[in-house]
file model_12.csv (CSV, N, CA and C atoms)
chain,number,residue,atom,x,y,z
A,1,MET,N,32.8,2.0,25.0
A,1,MET,CA,33.3,1.1,26.0
A,1,MET,C,34.7,0.6,25.5
A,2,LYS,N,35.7,1.4,25.8
A,2,LYS,CA,37.0,1.2,25.3
A,2,LYS,C,37.7,-0.1,25.8
A,3,ASN,N,37.9,-0.2,27.2
A,3,ASN,CA,38.6,-1.2,27.8
A,3,ASN,C,37.7,-2.3,28.3
A,4,THR,N,36.6,-2.6,27.7
A,4,THR,CA,35.7,-3.5,28.2
A,4,THR,C,35.4,-4.6,27.2
A,5,VAL,N,35.3,-5.8,27.7
A,5,VAL,CA,34.9,-7.0,26.9
A,5,VAL,C,33.6,-7.6,27.4
A,6,THR,N,32.8,-8.2,26.6
A,6,THR,CA,31.6,-8.7,27.0
A,6,THR,C,31.8,-10.2,27.5
A,7,LEU,N,31.1,-10.6,28.5
A,7,LEU,CA,31.0,-12.0,28.9
A,7,LEU,C,30.1,-12.7,28.1
A,8,ASN,N,30.5,-13.9,27.6
A,8,ASN,CA,29.6,-14.7,26.7
A,8,ASN,C,29.3,-16.1,27.3
A,9,ARG,N,30.3,-16.6,28.0
A,9,ARG,CA,30.2,-18.0,28.4
A,9,ARG,C,29.4,-18.2,29.7
A,10,ASN,N,28.6,-19.2,29.7
A,10,ASN,CA,27.7,-19.5,30.8
A,10,ASN,C,28.5,-19.7,32.1
A,11,CYS,N,29.6,-20.3,32.1
A,11,CYS,CA,30.4,-20.5,33.3
A,11,CYS,C,30.9,-19.2,33.9
A,12,ASP,N,31.1,-18.2,33.1
A,12,ASP,CA,31.5,-16.9,33.7
A,12,ASP,C,30.3,-16.3,34.4
A,13,PHE,N,29.1,-16.4,33.9
A,13,PHE,CA,27.9,-15.9,34.5
A,13,PHE,C,27.7,-16.6,35.8
A,14,ARG,N,27.8,-17.9,35.8
A,14,ARG,CA,27.5,-18.8,37.0
A,14,ARG,C,28.6,-18.5,38.1
A,15,ARG,N,29.8,-18.2,37.7
A,15,ARG,CA,30.8,-17.9,38.7
A,15,ARG,C,30.5,-16.6,39.4
A,16,LEU,N,30.0,-15.6,38.6
A,16,LEU,CA,29.7,-14.3,39.3
A,16,LEU,C,28.4,-14.5,40.1
A,17,TYR,N,27.4,-15.3,39.7
A,17,TYR,CA,26.3,-15.5,40.5
A,17,TYR,C,26.6,-16.2,41.8
A,18,GLY,N,27.6,-17.1,41.7
A,18,GLY,CA,27.9,-17.9,42.9
A,18,GLY,C,28.9,-17.2,43.9
A,19,ARG,N,29.9,-16.6,43.3
A,19,ARG,CA,31.0,-16.0,44.2
A,19,ARG,C,31.0,-14.5,44.3
A,20,GLY,N,30.3,-13.8,43.4
A,20,GLY,CA,30.3,-12.3,43.3
A,20,GLY,C,29.5,-11.7,44.4
A,21,LYS,N,29.8,-10.4,44.6
A,21,LYS,CA,29.0,-9.6,45.5
A,21,LYS,C,27.8,-9.1,44.8
A,22,VAL,N,26.7,-9.0,45.5
A,22,VAL,CA,25.4,-8.6,44.9
A,22,VAL,C,24.9,-7.3,45.5
A,23,TYR,N,24.5,-6.4,44.6
A,23,TYR,CA,23.9,-5.1,45.0
A,23,TYR,C,22.6,-4.9,44.3
A,24,THR,N,21.5,-4.8,45.0
A,24,THR,CA,20.2,-4.7,44.4
A,24,THR,C,19.6,-3.4,44.5
A,25,ASP,N,18.7,-3.1,43.6
A,25,ASP,CA,17.9,-1.9,43.5
A,25,ASP,C,16.6,-2.3,42.7
A,26,PRO,N,15.5,-1.6,42.9
A,26,PRO,CA,14.3,-2.0,42.1
A,26,PRO,C,14.5,-1.9,40.6
A,27,ALA,N,15.5,-1.1,40.2
A,27,ALA,CA,15.8,-0.9,38.7
A,27,ALA,C,16.9,-1.8,38.2
A,28,LEU,N,17.8,-2.3,39.0
A,28,LEU,CA,19.0,-3.0,38.5
A,28,LEU,C,19.6,-3.8,39.6
A,29,VAL,N,20.1,-5.0,39.2
A,29,VAL,CA,20.9,-5.8,40.1
A,29,VAL,C,22.3,-5.9,39.5
A,30,VAL,N,23.3,-5.7,40.4
A,30,VAL,CA,24.7,-5.8,40.0
A,30,VAL,C,25.5,-6.9,40.7
A,31,TYR,N,26.1,-7.8,40.0
A,31,TYR,CA,27.0,-8.8,40.5
A,31,TYR,C,28.4,-8.4,40.1
A,32,LEU,N,29.3,-8.4,41.0
A,32,LEU,CA,30.7,-8.0,40.6
A,32,LEU,C,31.7,-8.9,41.4
A,33,LEU,N,32.9,-9.0,40.7
A,33,LEU,CA,33.9,-9.8,41.3
A,33,LEU,C,35.2,-9.3,40.6
A,34,LYS,N,36.3,-9.2,41.4
A,34,LYS,CA,37.6,-8.9,40.9
A,34,LYS,C,38.1,-10.0,39.9
A,35,ASN,N,38.9,-9.6,38.9
A,35,ASN,CA,39.4,-10.5,38.0
A,35,ASN,C,40.9,-10.3,37.8
A,36,ARG,N,41.6,-11.2,37.1
A,36,ARG,CA,43.0,-11.0,36.9
A,36,ARG,C,43.3,-10.9,35.4
A,37,ALA,N,42.2,-10.6,34.6
A,37,ALA,CA,42.4,-10.5,33.2
A,37,ALA,C,43.0,-9.2,32.7
A,38,GLY,N,43.1,-8.2,33.5
A,38,GLY,CA,43.7,-6.9,33.1
A,38,GLY,C,42.7,-6.0,32.5
A,39,ILE,N,41.5,-6.4,32.3
A,39,ILE,CA,40.4,-5.5,31.7
A,39,ILE,C,39.1,-5.8,32.5
A,40,CYS,N,38.2,-4.9,32.3
A,40,CYS,CA,36.8,-5.1,32.8
A,40,CYS,C,36.0,-5.9,31.8
A,41,ARG,N,35.2,-6.7,32.3
A,41,ARG,CA,34.3,-7.5,31.5
A,41,ARG,C,32.9,-7.4,32.0
A,42,ILE,N,31.9,-7.2,31.1
A,42,ILE,CA,30.5,-7.1,31.5
A,42,ILE,C,29.6,-8.1,30.8
A,43,GLY,N,28.5,-8.4,31.5
A,43,GLY,CA,27.5,-9.2,30.9
A,43,GLY,C,26.2,-8.6,31.3
A,44,ILE,N,25.2,-8.6,30.4
A,44,ILE,CA,23.9,-8.0,30.7
A,44,ILE,C,22.8,-9.1,30.5
A,45,THR,N,22.0,-9.3,31.4
A,45,THR,CA,20.9,-10.3,31.3
A,45,THR,C,19.5,-9.6,31.5
A,46,VAL,N,18.6,-10.1,30.8
A,46,VAL,CA,17.2,-9.6,30.9
A,46,VAL,C,16.3,-10.8,30.8
A,47,SER,N,15.4,-10.9,31.8
A,47,SER,CA,14.5,-12.0,31.8
A,47,SER,C,13.3,-11.8,30.8
A,48,LYS,N,12.7,-12.9,30.3
A,48,LYS,CA,11.5,-12.8,29.5
A,48,LYS,C,10.3,-12.2,30.2
A,49,LYS,N,10.4,-12.3,31.6
A,49,LYS,CA,9.3,-11.7,32.4
A,49,LYS,C,9.3,-10.2,32.2
A,50,THR,N,10.4,-9.6,31.8
A,50,THR,CA,10.5,-8.1,31.7
A,50,THR,C,9.6,-7.6,30.5
A,51,GLY,N,9.4,-8.4,29.5
A,51,GLY,CA,8.6,-7.9,28.4
A,51,GLY,C,9.0,-8.6,27.1
A,52,ASN,N,8.5,-8.0,26.0
A,52,ASN,CA,8.8,-8.6,24.7
A,52,ASN,C,10.2,-8.2,24.3
A,53,ALA,N,10.6,-8.7,23.1
A,53,ALA,CA,12.0,-8.5,22.6
A,53,ALA,C,12.4,-7.0,22.5
A,54,VAL,N,11.5,-6.2,22.1
A,54,VAL,CA,11.7,-4.7,22.0
A,54,VAL,C,12.1,-4.1,23.4
A,55,GLN,N,11.3,-4.5,24.4
A,55,GLN,CA,11.5,-4.0,25.7
A,55,GLN,C,12.8,-4.5,26.3
A,56,ARG,N,13.1,-5.8,26.1
A,56,ARG,CA,14.3,-6.4,26.6
A,56,ARG,C,15.5,-5.7,26.0
A,57,ASN,N,15.5,-5.5,24.7
A,57,ASN,CA,16.6,-4.8,24.0
A,57,ASN,C,16.8,-3.4,24.5
A,58,ARG,N,15.7,-2.7,24.7
A,58,ARG,CA,15.7,-1.3,25.2
A,58,ARG,C,16.4,-1.3,26.6
A,59,SER,N,16.1,-2.3,27.4
A,59,SER,CA,16.7,-2.4,28.8
A,59,SER,C,18.2,-2.6,28.6
A,60,LYS,N,18.6,-3.5,27.7
A,60,LYS,CA,20.0,-3.7,27.5
A,60,LYS,C,20.8,-2.5,27.0
A,61,ARG,N,20.1,-1.7,26.1
A,61,ARG,CA,20.7,-0.5,25.6
A,61,ARG,C,20.9,0.5,26.7
A,62,ILE,N,19.9,0.7,27.5
A,62,ILE,CA,19.9,1.6,28.6
A,62,ILE,C,21.1,1.3,29.6
A,63,ILE,N,21.2,0.0,29.9
A,63,ILE,CA,22.3,-0.4,30.8
A,63,ILE,C,23.6,-0.2,30.2
A,64,ARG,N,23.8,-0.5,28.9
A,64,ARG,CA,25.0,-0.3,28.2
A,64,ARG,C,25.4,1.1,28.2
A,65,ALA,N,24.5,2.0,27.9
A,65,ALA,CA,24.8,3.5,27.9
A,65,ALA,C,25.2,4.0,29.3
A,66,ALA,N,24.5,3.5,30.3
A,66,ALA,CA,24.8,3.9,31.7
A,66,ALA,C,26.2,3.5,32.0
A,67,TYR,N,26.6,2.2,31.7
A,67,TYR,CA,27.9,1.7,32.0
A,67,TYR,C,29.0,2.5,31.2
A,68,ALA,N,28.7,2.8,30.0
A,68,ALA,CA,29.7,3.6,29.2
A,68,ALA,C,30.0,5.0,29.8
A,69,ALA,N,29.0,5.6,30.4
A,69,ALA,CA,29.2,6.9,31.1
A,69,ALA,C,30.0,6.7,32.4
A,70,VAL,N,29.9,5.6,33.0
A,70,VAL,CA,30.6,5.4,34.3
A,70,VAL,C,31.9,4.7,34.2
A,71,GLU,N,32.2,4.1,33.0
A,71,GLU,CA,33.3,3.3,32.8
A,71,GLU,C,34.7,3.9,33.1
A,72,GLU,N,34.8,5.2,32.8
A,72,GLU,CA,36.1,5.9,33.0
A,72,GLU,C,36.5,6.0,34.5
A,73,SER,N,35.5,6.0,35.3
A,73,SER,CA,35.8,6.2,36.8
A,73,SER,C,36.0,4.9,37.5
A,74,ILE,N,35.9,3.7,36.8
A,74,ILE,CA,36.1,2.4,37.5
A,74,ILE,C,37.6,2.2,37.6
A,75,CYS,N,38.0,1.8,38.8
A,75,CYS,CA,39.4,1.5,39.1
A,75,CYS,C,39.6,0.1,39.3
A,76,GLY,N,40.5,-0.5,38.7
A,76,GLY,CA,40.8,-1.9,38.8
A,76,GLY,C,40.2,-2.8,37.7
A,77,ASN,N,40.3,-4.1,37.8
A,77,ASN,CA,39.8,-5.0,36.9
A,77,ASN,C,38.7,-5.8,37.5
A,78,TRP,N,37.5,-5.7,36.9
A,78,TRP,CA,36.3,-6.3,37.5
A,78,TRP,C,35.5,-7.0,36.4
A,79,ASP,N,34.8,-8.0,36.9
A,79,ASP,CA,33.8,-8.7,36.1
A,79,ASP,C,32.4,-8.2,36.6
A,80,PHE,N,31.5,-7.8,35.7
A,80,PHE,CA,30.2,-7.3,36.1
A,80,PHE,C,29.2,-8.1,35.4
A,81,VAL,N,28.1,-8.4,36.1
A,81,VAL,CA,26.8,-8.9,35.4
A,81,VAL,C,25.7,-8.0,35.9
A,82,PHE,N,25.1,-7.3,34.9
A,82,PHE,CA,23.9,-6.4,35.2
A,82,PHE,C,22.7,-7.2,34.9
A,83,VAL,N,21.7,-7.2,35.8
A,83,VAL,CA,20.5,-7.9,35.6
A,83,VAL,C,19.4,-6.8,35.6
A,84,ALA,N,18.7,-6.7,34.5
A,84,ALA,CA,17.6,-5.7,34.4
A,84,ALA,C,16.4,-6.2,35.1
A,85,ARG,N,15.6,-5.3,35.7
A,85,ARG,CA,14.4,-5.7,36.4
A,85,ARG,C,13.2,-5.0,35.6
A,86,GLY,N,12.0,-5.3,36.1
A,86,GLY,CA,10.8,-4.8,35.4
A,86,GLY,C,10.8,-3.3,35.3
A,87,LYS,N,11.4,-2.6,36.2
A,87,LYS,CA,11.3,-1.1,36.2
A,87,LYS,C,12.3,-0.5,35.2
A,88,THR,N,13.3,-1.3,34.8
A,88,THR,CA,14.4,-0.7,34.0
A,88,THR,C,13.9,-0.2,32.7
A,89,LYS,N,13.0,-0.8,32.0
A,89,LYS,CA,12.5,-0.4,30.7
A,89,LYS,C,11.8,0.9,30.7
A,90,TYR,N,11.4,1.4,31.9
A,90,TYR,CA,10.7,2.6,32.0
A,90,TYR,C,11.6,3.8,32.3
A,91,LEU,N,12.8,3.5,32.7
A,91,LEU,CA,13.7,4.6,33.1
A,91,LEU,C,14.7,5.0,31.9
A,92,LYS,N,15.3,6.2,32.1
A,92,LYS,CA,16.3,6.6,31.1
A,92,LYS,C,17.7,6.2,31.6
A,93,SER,N,18.6,6.3,30.7
A,93,SER,CA,20.0,5.9,31.0
A,93,SER,C,20.6,6.7,32.1
A,94,THR,N,20.2,8.0,32.2
A,94,THR,CA,20.8,8.8,33.3
A,94,THR,C,20.3,8.3,34.7
A,95,ASP,N,19.0,7.9,34.7
A,95,ASP,CA,18.5,7.3,36.0
A,95,ASP,C,19.3,6.0,36.4
A,96,ILE,N,19.5,5.2,35.4
A,96,ILE,CA,20.2,3.9,35.6
A,96,ILE,C,21.7,4.3,36.0
A,97,GLN,N,22.2,5.3,35.4
A,97,GLN,CA,23.6,5.7,35.7
A,97,GLN,C,23.7,6.1,37.1
A,98,LYS,N,22.8,6.8,37.7
A,98,LYS,CA,22.8,7.2,39.1
A,98,LYS,C,22.8,5.9,40.0
A,99,VAL,N,21.9,5.0,39.7
A,99,VAL,CA,21.8,3.8,40.4
A,99,VAL,C,23.1,3.0,40.3
A,100,LEU,N,23.6,2.9,39.1
A,100,LEU,CA,24.8,2.1,38.9
A,100,LEU,C,26.0,2.7,39.7
A,101,THR,N,26.1,4.0,39.6
A,101,THR,CA,27.2,4.7,40.3
A,101,THR,C,27.1,4.5,41.8
A,102,GLU,N,25.9,4.6,42.3
A,102,GLU,CA,25.7,4.4,43.8
A,102,GLU,C,26.1,3.0,44.2
A,103,GLN,N,25.7,2.0,43.4
A,103,GLN,CA,26.0,0.6,43.7
A,103,GLN,C,27.5,0.3,43.6
A,104,LEU,N,28.2,0.9,42.6
A,104,LEU,CA,29.6,0.7,42.4
A,104,LEU,C,30.4,1.4,43.5
A,105,LEU,N,29.9,2.5,44.0
A,105,LEU,CA,30.6,3.2,45.1
A,105,LEU,C,30.5,2.3,46.4
A,106,LYS,N,29.4,1.7,46.6
A,106,LYS,CA,29.2,0.8,47.8
A,106,LYS,C,30.2,-0.4,47.7
A,107,ALA,N,30.4,-0.9,46.4
A,107,ALA,CA,31.2,-2.1,46.2
A,107,ALA,C,32.7,-1.7,46.3
A,108,GLY,N,33.0,-0.5,46.1
A,108,GLY,CA,34.4,-0.1,46.1
A,108,GLY,C,35.1,-0.1,44.7
A,109,ALA,N,34.3,-0.3,43.7
A,109,ALA,CA,34.8,-0.3,42.3
A,109,ALA,C,35.1,1.1,41.8
A,110,ILE,N,34.5,2.1,42.4
A,110,ILE,CA,34.7,3.5,42.0
A,110,ILE,C,35.2,4.2,43.2
A,111,LYS,N,36.2,5.0,43.1
A,111,LYS,CA,36.7,5.8,44.2
A,111,LYS,C,36.1,7.2,44.0
A,112,LYS,N,35.8,7.9,45.2
A,112,LYS,CA,35.3,9.2,45.2
A,112,LYS,C,36.3,10.2,44.7

call {"tool": "encode", "arguments": {"input": "model_12.csv", "output": "structure tokens"}}
result
Amino acid sequence: MKNTVTLNRNCDFRRLYGRGKVYTDPALVVYLLKNRAGICRIGITVSKKTGNAVQRNRSKRIIRAAYAAVEESICGNWDFVFVARGKTKYLKSTDIQKVLTEQLLKAGAIKK
């Protein structure tokens, strides 16, 4: 992830939850909003309902790998929050990559 910074502050997450566009799938939820920072920023959240720490960390790794594969095709500066769901831990990063690509195409963050 070359040109990407992680979101850490709670206010950034709340801003995306409140003002961002939402795209849902049984495997992944994406919140996104344009920014003026000049770079893309991402945050990944996984609920404790998803499973124990090993499963939650696996979900985060899968989402991070899928984003890294799609990152080059993203045009513009965006803030993303990816929310893992219960199904995420059972899928591979290529499956999540397909879902992520589809959602970002709908949002207009990726051009065909």

call {"tool": "atom_distance", "arguments": {"input": "model_12.csv", "atom1": "CA of Ile42 in chain A", "atom2": "CA of Trp78 in chain A"}}
result
8.4 Å

call {"tool": "residues_around", "arguments": {"input": "model_12.csv", "residues": "Val29 in chain A", "least_positions_apart": "3", "cutoff": "7 Å", "atoms": "only C-alpha atoms", "output": "PDB file with N, CA and C atoms, in the frame of the given file"}}
result
ATOM      1  N   TYR A  23      24.500  -6.400  44.600  1.00  0.00           N
ATOM      2  CA  TYR A  23      23.900  -5.100  45.000  1.00  0.00           C
ATOM      3  C   TYR A  23      22.600  -4.900  44.300  1.00  0.00           C
ATOM      4  N   THR A  24      21.500  -4.800  45.000  1.00  0.00           N
ATOM      5  CA  THR A  24      20.200  -4.700  44.400  1.00  0.00           C
ATOM      6  C   THR A  24      19.600  -3.400  44.500  1.00  0.00           C
ATOM      7  N   ASP A  25      18.700  -3.100  43.600  1.00  0.00           N
ATOM      8  CA  ASP A  25      17.900  -1.900  43.500  1.00  0.00           C
ATOM      9  C   ASP A  25      16.600  -2.300  42.700  1.00  0.00           C
ATOM     10  N   PHE A  82      25.100  -7.300  34.900  1.00  0.00           N
ATOM     11  CA  PHE A  82      23.900  -6.400  35.200  1.00  0.00           C
ATOM     12  C   PHE A  82      22.700  -7.200  34.900  1.00  0.00           C
ATOM     13  N   VAL A  83      21.700  -7.200  35.800  1.00  0.00           N
ATOM     14  CA  VAL A  83      20.500  -7.900  35.600  1.00  0.00           C
ATOM     15  C   VAL A  83      19.400  -6.800  35.600  1.00  0.00           C
ATOM     16  N   ALA A  84      18.700  -6.700  34.500  1.00  0.00           N
ATOM     17  CA  ALA A  84      17.600  -5.700  34.400  1.00  0.00           C
ATOM     18  C   ALA A  84      16.400  -6.200  35.100  1.00  0.00           C
TER      19      ALA A  84
END

call {"tool": "closest_residue", "arguments": {"input": "model_12.csv", "among": "A:Ala27, A:Val70, A:Val54, A:Ile62", "to": "Gly86 in chain A", "atoms": "all atoms listed in the file"}}
result
A:Ala27

call {"tool": "closest_residue", "arguments": {"input": "model_12.csv", "among": "A:Gly20, A:Cys75, A:Lys48, A:Lys60", "to": "Gly108 in chain A", "atoms": "all atoms listed in the file"}}
result
A:Cys75

call {"tool": "select_by_dssp", "arguments": {"input": "model_12.csv", "residues": "range 69-111 of chain A", "states": "helix (DSSP H, G or I)", "output": "NGL selection string"}}
result
:A and (69-73 or 88-90 or 93-107)

call {"tool": "residues_around", "arguments": {"input": "model_12.csv", "residues": "Arg56 in chain A", "least_positions_apart": "4", "cutoff": "8 Å", "atoms": "only N, CA and C atoms", "output": "list of chain:residue names"}}
result
A:Thr45, A:Val46, A:Ser47, A:Lys48, A:Thr50, A:Gly51, A:Asn52, A:Lys60, A:Arg61, A:Ile62, A:Lys89

call {"tool": "closest_residue", "arguments": {"input": "model_12.csv", "among": "A:Val30, A:Cys40, A:Leu100, A:Leu105", "to": "Asp79 in chain A", "atoms": "only C-alpha atoms"}}
result
A:Cys40

call {"tool": "closest_residue", "arguments": {"input": "model_12.csv", "among": "A:Glu72, A:Ile39, A:Tyr31, A:Asn57", "to": "Arg14 in chain A", "atoms": "only C-alpha atoms"}}
result
A:Tyr31

call {"tool": "atom_distance", "arguments": {"input": "model_12.csv", "atom1": "CA of Val5 in chain A", "atom2": "CA of Tyr90 in chain A"}}
result
26.5 Å

call {"tool": "residues_around", "arguments": {"input": "model_12.csv", "residues": "Pro26 in chain A", "least_positions_apart": "6", "cutoff": "6 Å", "atoms": "all atoms listed in the file", "output": "number ranges by chain"}}
result
A: 85, 87-88

call {"tool": "atom_distance", "arguments": {"input": "model_12.csv", "atom1": "atom C of Arg15 in chain A", "atom2": "atom N of Ala37 in chain A"}}
result
14.0 Å

call {"tool": "closest_residue", "arguments": {"input": "model_12.csv", "among": "A:Ile63, A:Leu7, A:Ile74, A:Ala68", "to": "Ser93 in chain A", "atoms": "all atoms listed in the file"}}
result
A:Ile63

call {"tool": "build_atoms", "arguments": {"input": "model_12.csv", "residues": "range 30-45 of chain A", "atoms": "N, CA, C and O atoms", "output": "short mmCIF file (atom, residue, chain, number, x, y, z; two decimals), keeping the file's coordinate frame"}}
result
data_model
loop_
_atom_site.label_atom_id
_atom_site.label_comp_id
_atom_site.auth_asym_id
_atom_site.auth_seq_id
_atom_site.Cartn_x
_atom_site.Cartn_y
_atom_site.Cartn_z
N VAL A 30 23.30 -5.70 40.40
CA VAL A 30 24.70 -5.80 40.00
C VAL A 30 25.50 -6.90 40.70
O VAL A 30 25.44 -6.93 41.93
N TYR A 31 26.10 -7.80 40.00
CA TYR A 31 27.00 -8.80 40.50
C TYR A 31 28.40 -8.40 40.10
O TYR A 31 28.58 -8.11 38.90
N LEU A 32 29.30 -8.40 41.00
CA LEU A 32 30.70 -8.00 40.60
C LEU A 32 31.70 -8.90 41.40
O LEU A 32 31.46 -9.31 42.47
N LEU A 33 32.90 -9.00 40.70
CA LEU A 33 33.90 -9.80 41.30
C LEU A 33 35.20 -9.30 40.60
O LEU A 33 35.27 -9.07 39.41
N LYS A 34 36.30 -9.20 41.40
CA LYS A 34 37.60 -8.90 40.90
C LYS A 34 38.10 -10.00 39.90
O LYS A 34 37.81 -11.13 40.11
N ASN A 35 38.90 -9.60 38.90
CA ASN A 35 39.40 -10.50 38.00
C ASN A 35 40.90 -10.30 37.80
O ASN A 35 41.43 -9.22 38.20
N ARG A 36 41.60 -11.20 37.10
CA ARG A 36 43.00 -11.00 36.90
C ARG A 36 43.30 -10.90 35.40
O ARG A 36 44.41 -10.97 34.91
N ALA A 37 42.20 -10.60 34.60
CA ALA A 37 42.40 -10.50 33.20
C ALA A 37 43.00 -9.20 32.70
O ALA A 37 43.46 -9.14 31.54
N GLY A 38 43.10 -8.20 33.50
CA GLY A 38 43.70 -6.90 33.10
C GLY A 38 42.70 -6.00 32.50
O GLY A 38 43.11 -4.88 32.06
N ILE A 39 41.50 -6.40 32.30
CA ILE A 39 40.40 -5.50 31.70
C ILE A 39 39.10 -5.80 32.50
O ILE A 39 38.99 -6.73 33.23
N CYS A 40 38.20 -4.90 32.30
CA CYS A 40 36.80 -5.10 32.80
C CYS A 40 36.00 -5.90 31.80
O CYS A 40 36.15 -5.70 30.61
N ARG A 41 35.20 -6.70 32.30
CA ARG A 41 34.30 -7.50 31.50
C ARG A 41 32.90 -7.40 32.00
O ARG A 41 32.65 -7.38 33.21
N ILE A 42 31.90 -7.20 31.10
CA ILE A 42 30.50 -7.10 31.50
C ILE A 42 29.60 -8.10 30.80
O ILE A 42 29.89 -8.50 29.67
N GLY A 43 28.50 -8.40 31.50
CA GLY A 43 27.50 -9.20 30.90
C GLY A 43 26.20 -8.60 31.30
O GLY A 43 26.02 -8.09 32.42
N ILE A 44 25.20 -8.60 30.40
CA ILE A 44 23.90 -8.00 30.70
C ILE A 44 22.80 -9.10 30.50
O ILE A 44 22.82 -9.75 29.40
N THR A 45 22.00 -9.30 31.40
CA THR A 45 20.90 -10.30 31.30
C THR A 45 19.50 -9.60 31.50
O THR A 45 19.42 -8.76 32.41
#
